[in-house]
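**Q** Handing you a structure now.
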Amino acid sequence: MPSIYYDEWPRYSPPDQARRENTLAAAKMMLNAAFTAPMMGGIPQIEGALIWGYEDQEKIARKMEELARANKGKRWQEMFKTEAVMVREADAVVLLGNYRAADTPMDAGCGLCGGQPNCDFLYNRRTCVGGVIDHTELQTENLINGPLCMCRVSDLGEAVGGAMTVATRLLVDARPFMSVGLAALKLGYLRRSEIAVGILVASQAKSPFVDVLPYYHMFSLDRAVDNLRRTYVVLRQVFWYDYRTGFRSRVKKEEEE
Amino acid sequence: MAIYDGNKMAATEGLLEVARLCALAALKAPRVGRTEIKTAIVTGDDLWPVVEVLEIIGEGSAFIMGDAIAVRKALEAGTPPVLLLVGVDASSSELAWNCGACGFSSCGEFNAYAKKNLGPGTLFAGPSCAWKILDHAVASNWAAAAAWQYNVPNRMQASTGVGAYLLGYLEGCTMCVGITMGPPAPMVYYDRPIMRDVYTEDDIVEMLQRNIPSIFEGFPGDGRPKIRHSPNWFTEWRFTKVERDPELEAKAASIAERVQKYVAEFRAKRQQSS
């Protein structure tokens, strides 16, 4: 292999794929950092996934646009729709979930979930067999089937922090999102977790995850390019022009010279 | 032993400490040539003149106005950012590489031309040795990356660089970028939560219509496509037009004049007090 050529445009062209593969290498290291992050008791509780490619990212984005309608709040809706665009523009999605938060809590009586010196708050609000939580039983109609063990949620945060630290060290842009994590959970990724965070990762000229426009799902770069494709082809057929004969005035001048 | 208010300390000493280390990084950065880099750190009330001059320039540039507002609001909230200036004098070359990047066939020719024609542009001054500009960019990148290593996100800005440069905060430069750090909160210079309510939705839609017209364009086969400005665009016709704007031209001239006046007065005042 004599050389590798990199570019970020057009999307998914061979030079862009080459670039994306490098982002994937960084995303993989982020996942390792998530696993080595400090956790209470060093107990294994994190699961992760790495998702990339046009089809899978599009699937998550569409799911987010669906979840946007799950809440009537305008801010929620715009957040989900905007972040769906970010998923499409990202190079990769790192998913991190905690598979202990719902059914195998820390059992330390820490007080975080219910403000009591025991875990009653959690156990009394979930379906139990004996004292064992059956997390397949739905407790709420909300997007997350809570309550969750806050110690475990905290450890998920440690994992996300570890992954983000590696992202800054490797100088890839990354940002953690609730919306991405929830959409991925609904799609069946990280199927043991009740809570997950999606970290979008990219290495592009401009971070896709900050400084966006309002109604971004309508005014993204892809939409702008798509609209140009829509209007441009018609434009060629408005005034008509035979490039072989050219403009009469210019051709005449050339002949005189 | 003592207990410190972590938030207060981060806002004052912490940011300054990071800025110091970033200045060091800028000076230690690798060079392609042999470029001398200049740095300065602007803090606290000394940022006010930068805000004021940027607000004048910002009347003609929303981009610069956004930076001015961000710094102003941080100052008003009592959590001033720390501004690291990284500058360079690129108007002469000692390299004798005769590379041609500047458009002259030798460094000697460039130096002679630059000596006679040194002058300001809308942002910085020129003409410039390409390698000095490049080395300056490497140095400012190293400074920004150093802050990043301390997990302090920052933003490299031409705007604050120009403001400080005009005011003479970093003398002897032809180019200067500002790297703003702090206030100690997430997402200060990205997404700009503090810019909320500065512009209305109508302002932004109008900006979009001017800048990405193809999204708002109706069927273009008429040769004069209607603009989809509202659901009634088919009956209430609107079009785009390319035209001169004398009002805007006059405003630009007035802005240039006021910036010059502000800078001259500030520099005179600063010289007197020193």
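Going by the structure tokens order, chains are called A, B, ..., each with residues numbered from 1, while ligands are numbered from 1 in the order shown.
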Write out as a PDB file with N, CA and C atoms, in the first residue's frame which residues come within 6 Å of region 44-51 of chain B when counting only C-alpha atoms, dropping same-chain ones fewer than 2 positions away.

**A**
```
ATOM      1  N   VAL B  53     -14.233  47.642  22.063  1.00  0.00           N
ATOM      2  CA  VAL B  53     -13.817  47.826  20.668  1.00  0.00           C
ATOM      3  C   VAL B  53     -14.448  46.739  19.790  1.00  0.00           C
ATOM      4  N   LEU B  54     -14.609  45.533  20.340  1.00  0.00           N
ATOM      5  CA  LEU B  54     -15.246  44.462  19.554  1.00  0.00           C
ATOM      6  C   LEU B  54     -16.718  44.757  19.314  1.00  0.00           C
ATOM      7  N   ALA B  68     -17.908  39.293  21.479  1.00  0.00           N
ATOM      8  CA  ALA B  68     -17.933  40.448  22.385  1.00  0.00           C
ATOM      9  C   ALA B  68     -18.971  40.228  23.483  1.00  0.00           C
ATOM     10  N   PRO B  80     -14.635  36.773  35.059  1.00  0.00           N
ATOM     11  CA  PRO B  80     -13.971  37.149  33.816  1.00  0.00           C
ATOM     12  C   PRO B  80     -13.183  35.986  33.227  1.00  0.00           C
ATOM     13  N   GLY B 163      -8.975  42.572  18.683  1.00  0.00           N
ATOM     14  CA  GLY B 163      -9.312  43.627  19.636  1.00  0.00           C
ATOM     15  C   GLY B 163      -8.104  44.003  20.477  1.00  0.00           C
ATOM     16  N   ALA B 164      -7.464  42.979  21.047  1.00  0.00           N
ATOM     17  CA  ALA B 164      -6.311  43.215  21.913  1.00  0.00           C
ATOM     18  C   ALA B 164      -5.146  43.799  21.114  1.00  0.00           C
TER      19      ALA B 164
END
```

**Q** Should the cut-off be 12 Å, what would the residue list for chain B against chain A look like, counting only C-alpha atoms, as a PDB file with C-alpha atoms, in the first residue's frame?

**A**
```pdb
ATOM      1  CA  GLY B  66     -21.064  37.069  19.461  1.00  0.00           C
ATOM      2  CA  ASN B 141      -2.406  25.326  18.391  1.00  0.00           C
ATOM      3  CA  ALA B 144      -4.818  25.596  22.903  1.00  0.00           C
ATOM      4  CA  ALA B 145      -3.930  21.890  23.079  1.00  0.00           C
ATOM      5  CA  ALA B 146      -2.066  22.485  26.343  1.00  0.00           C
ATOM      6  CA  ALA B 147      -5.229  23.883  27.895  1.00  0.00           C
ATOM      7  CA  TRP B 148      -7.089  20.883  26.511  1.00  0.00           C
ATOM      8  CA  GLN B 149      -4.670  18.587  28.350  1.00  0.00           C
ATOM      9  CA  TYR B 150      -5.865  20.221  31.558  1.00  0.00           C
ATOM     10  CA  ASN B 151      -9.429  19.530  30.411  1.00  0.00           C
ATOM     11  CA  VAL B 152     -10.024  23.245  29.973  1.00  0.00           C
ATOM     12  CA  PRO B 153     -11.891  23.709  26.701  1.00  0.00           C
ATOM     13  CA  PRO B 186     -18.999  23.931  30.498  1.00  0.00           C
ATOM     14  CA  MET B 187     -20.020  25.168  27.064  1.00  0.00           C
ATOM     15  CA  VAL B 188     -19.062  28.826  27.298  1.00  0.00           C
ATOM     16  CA  TYR B 189     -17.715  29.402  23.825  1.00  0.00           C
ATOM     17  CA  TYR B 190     -19.498  26.462  22.173  1.00  0.00           C
ATOM     18  CA  ASP B 191     -23.264  26.619  21.670  1.00  0.00           C
ATOM     19  CA  ARG B 192     -23.081  29.903  23.631  1.00  0.00           C
ATOM     20  CA  PRO B 193     -25.932  29.421  26.081  1.00  0.00           C
ATOM     21  CA  MET B 195     -26.449  34.178  23.589  1.00  0.00           C
ATOM     22  CA  ARG B 196     -30.008  33.074  24.248  1.00  0.00           C
ATOM     23  CA  TYR B 199     -31.437  37.294  18.489  1.00  0.00           C
ATOM     24  CA  THR B 200     -35.089  36.525  17.776  1.00  0.00           C
ATOM     25  CA  GLU B 201     -36.315  33.569  15.759  1.00  0.00           C
ATOM     26  CA  ASP B 202     -37.203  35.971  12.922  1.00  0.00           C
ATOM     27  CA  ASP B 203     -33.643  37.348  12.916  1.00  0.00           C
ATOM     28  CA  ILE B 204     -32.272  33.860  12.534  1.00  0.00           C
ATOM     29  CA  VAL B 205     -34.723  32.769   9.821  1.00  0.00           C
ATOM     30  CA  MET B 207     -30.163  35.124   8.244  1.00  0.00           C
ATOM     31  CA  LEU B 208     -30.806  31.609   6.952  1.00  0.00           C
ATOM     32  CA  GLN B 209     -32.745  32.914   3.945  1.00  0.00           C
ATOM     33  CA  ASN B 211     -27.176  32.438   3.581  1.00  0.00           C
ATOM     34  CA  ILE B 212     -28.713  29.180   2.413  1.00  0.00           C
ATOM     35  CA  PRO B 213     -31.246  30.468  -0.126  1.00  0.00           C
ATOM     36  CA  SER B 214     -31.449  27.138  -1.931  1.00  0.00           C
ATOM     37  CA  ILE B 215     -33.374  25.687   1.007  1.00  0.00           C
ATOM     38  CA  PHE B 216     -35.982  28.449   0.691  1.00  0.00           C
ATOM     39  CA  GLU B 217     -36.064  28.467  -3.106  1.00  0.00           C
ATOM     40  CA  GLY B 218     -39.287  27.447  -4.876  1.00  0.00           C
ATOM     41  CA  PHE B 219     -39.335  25.790  -8.308  1.00  0.00           C
ATOM     42  CA  PRO B 220     -36.510  27.557 -10.155  1.00  0.00           C
ATOM     43  CA  GLY B 221     -37.774  26.924 -13.704  1.00  0.00           C
ATOM     44  CA  ASP B 222     -39.239  30.446 -13.929  1.00  0.00           C
ATOM     45  CA  GLY B 223     -35.705  31.815 -13.951  1.00  0.00           C
ATOM     46  CA  ARG B 224     -36.819  34.011 -11.066  1.00  0.00           C
ATOM     47  CA  PRO B 225     -37.769  31.532  -8.338  1.00  0.00           C
ATOM     48  CA  LYS B 226     -40.152  32.594  -5.608  1.00  0.00           C
TER      49      LYS B 226
END
```

**Q** Please report, as CSV, each residue of region 48-92 of chain A lying at most 10 Å from region 140-155 of chain A, together with the nearest pair of atoms and the separation in Å rounded to one decimal; use only C-alpha atoms, and order rows by chain and ascending residue number.

**A**
```
residue,atom,partner,partner_atom,distance
A:Leu67,CA,A:Leu143,CA,8.9
A:Ala70,CA,A:Leu143,CA,8.4
A:Asn71,CA,A:Asn142,CA,9.8
```

**Q** Could you give me, as a ChimeraX atom specification, the residues within 12 Å of Gly119 (chain B), counting only C-alpha atoms and dropping anything in the same chain fewer than 3 positions from it?

**A** /B:91,113-116,122-128,173-175

**Q** As an exercise, work out the distance from CA of Val18 (chain B) to CA of Ala143 (chain B) in Å and give it to one decimal place.

**A**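 For CA of Val18 (chain B) relative to CA of Ala143 (chain B), the distance reads 9.7 Å.
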
**Q** Might you pull out every residue within 12 Å of Trp9 (chain A), with only C-alpha atoms counted and same-chain residues fewer than 5 positions away left off, and present them as a ChimeraX atom specification?

**A** /A:14-20,89,204-205,221-222

**Q** Let's have the selection written as an mmCIF file, in the first residue's frame, with C-alpha atoms.

**A**
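Produced file part_0.cif, reproduced below:
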```
data_model
loop_
_atom_site.group_PDB
_atom_site.id
_atom_site.type_symbol
_atom_site.label_atom_id
_atom_site.label_comp_id
_atom_site.auth_asym_id
_atom_site.auth_seq_id
_atom_site.Cartn_x
_atom_site.Cartn_y
_atom_site.Cartn_z
ATOM 1 C CA PRO A 14 -13.126 6.038 0.211
ATOM 2 C CA PRO A 15 -10.998 8.921 1.607
ATOM 3 C CA ASP A 16 -13.711 9.622 4.191
ATOM 4 C CA GLN A 17 -13.945 5.947 5.115
ATOM 5 C CA ALA A 18 -10.177 5.924 5.675
ATOM 6 C CA ARG A 19 -10.566 8.875 8.037
ATOM 7 C CA ARG A 20 -13.508 7.253 9.845
ATOM 8 C CA GLU A 89 -22.894 13.570 11.058
ATOM 9 C CA GLN A 204 -13.839 16.586 11.360
ATOM 10 C CA ALA A 205 -12.922 20.187 10.639
ATOM 11 C CA LEU A 221 -25.457 20.838 5.786
ATOM 12 C CA ASP A 222 -26.960 17.697 4.281
#
```
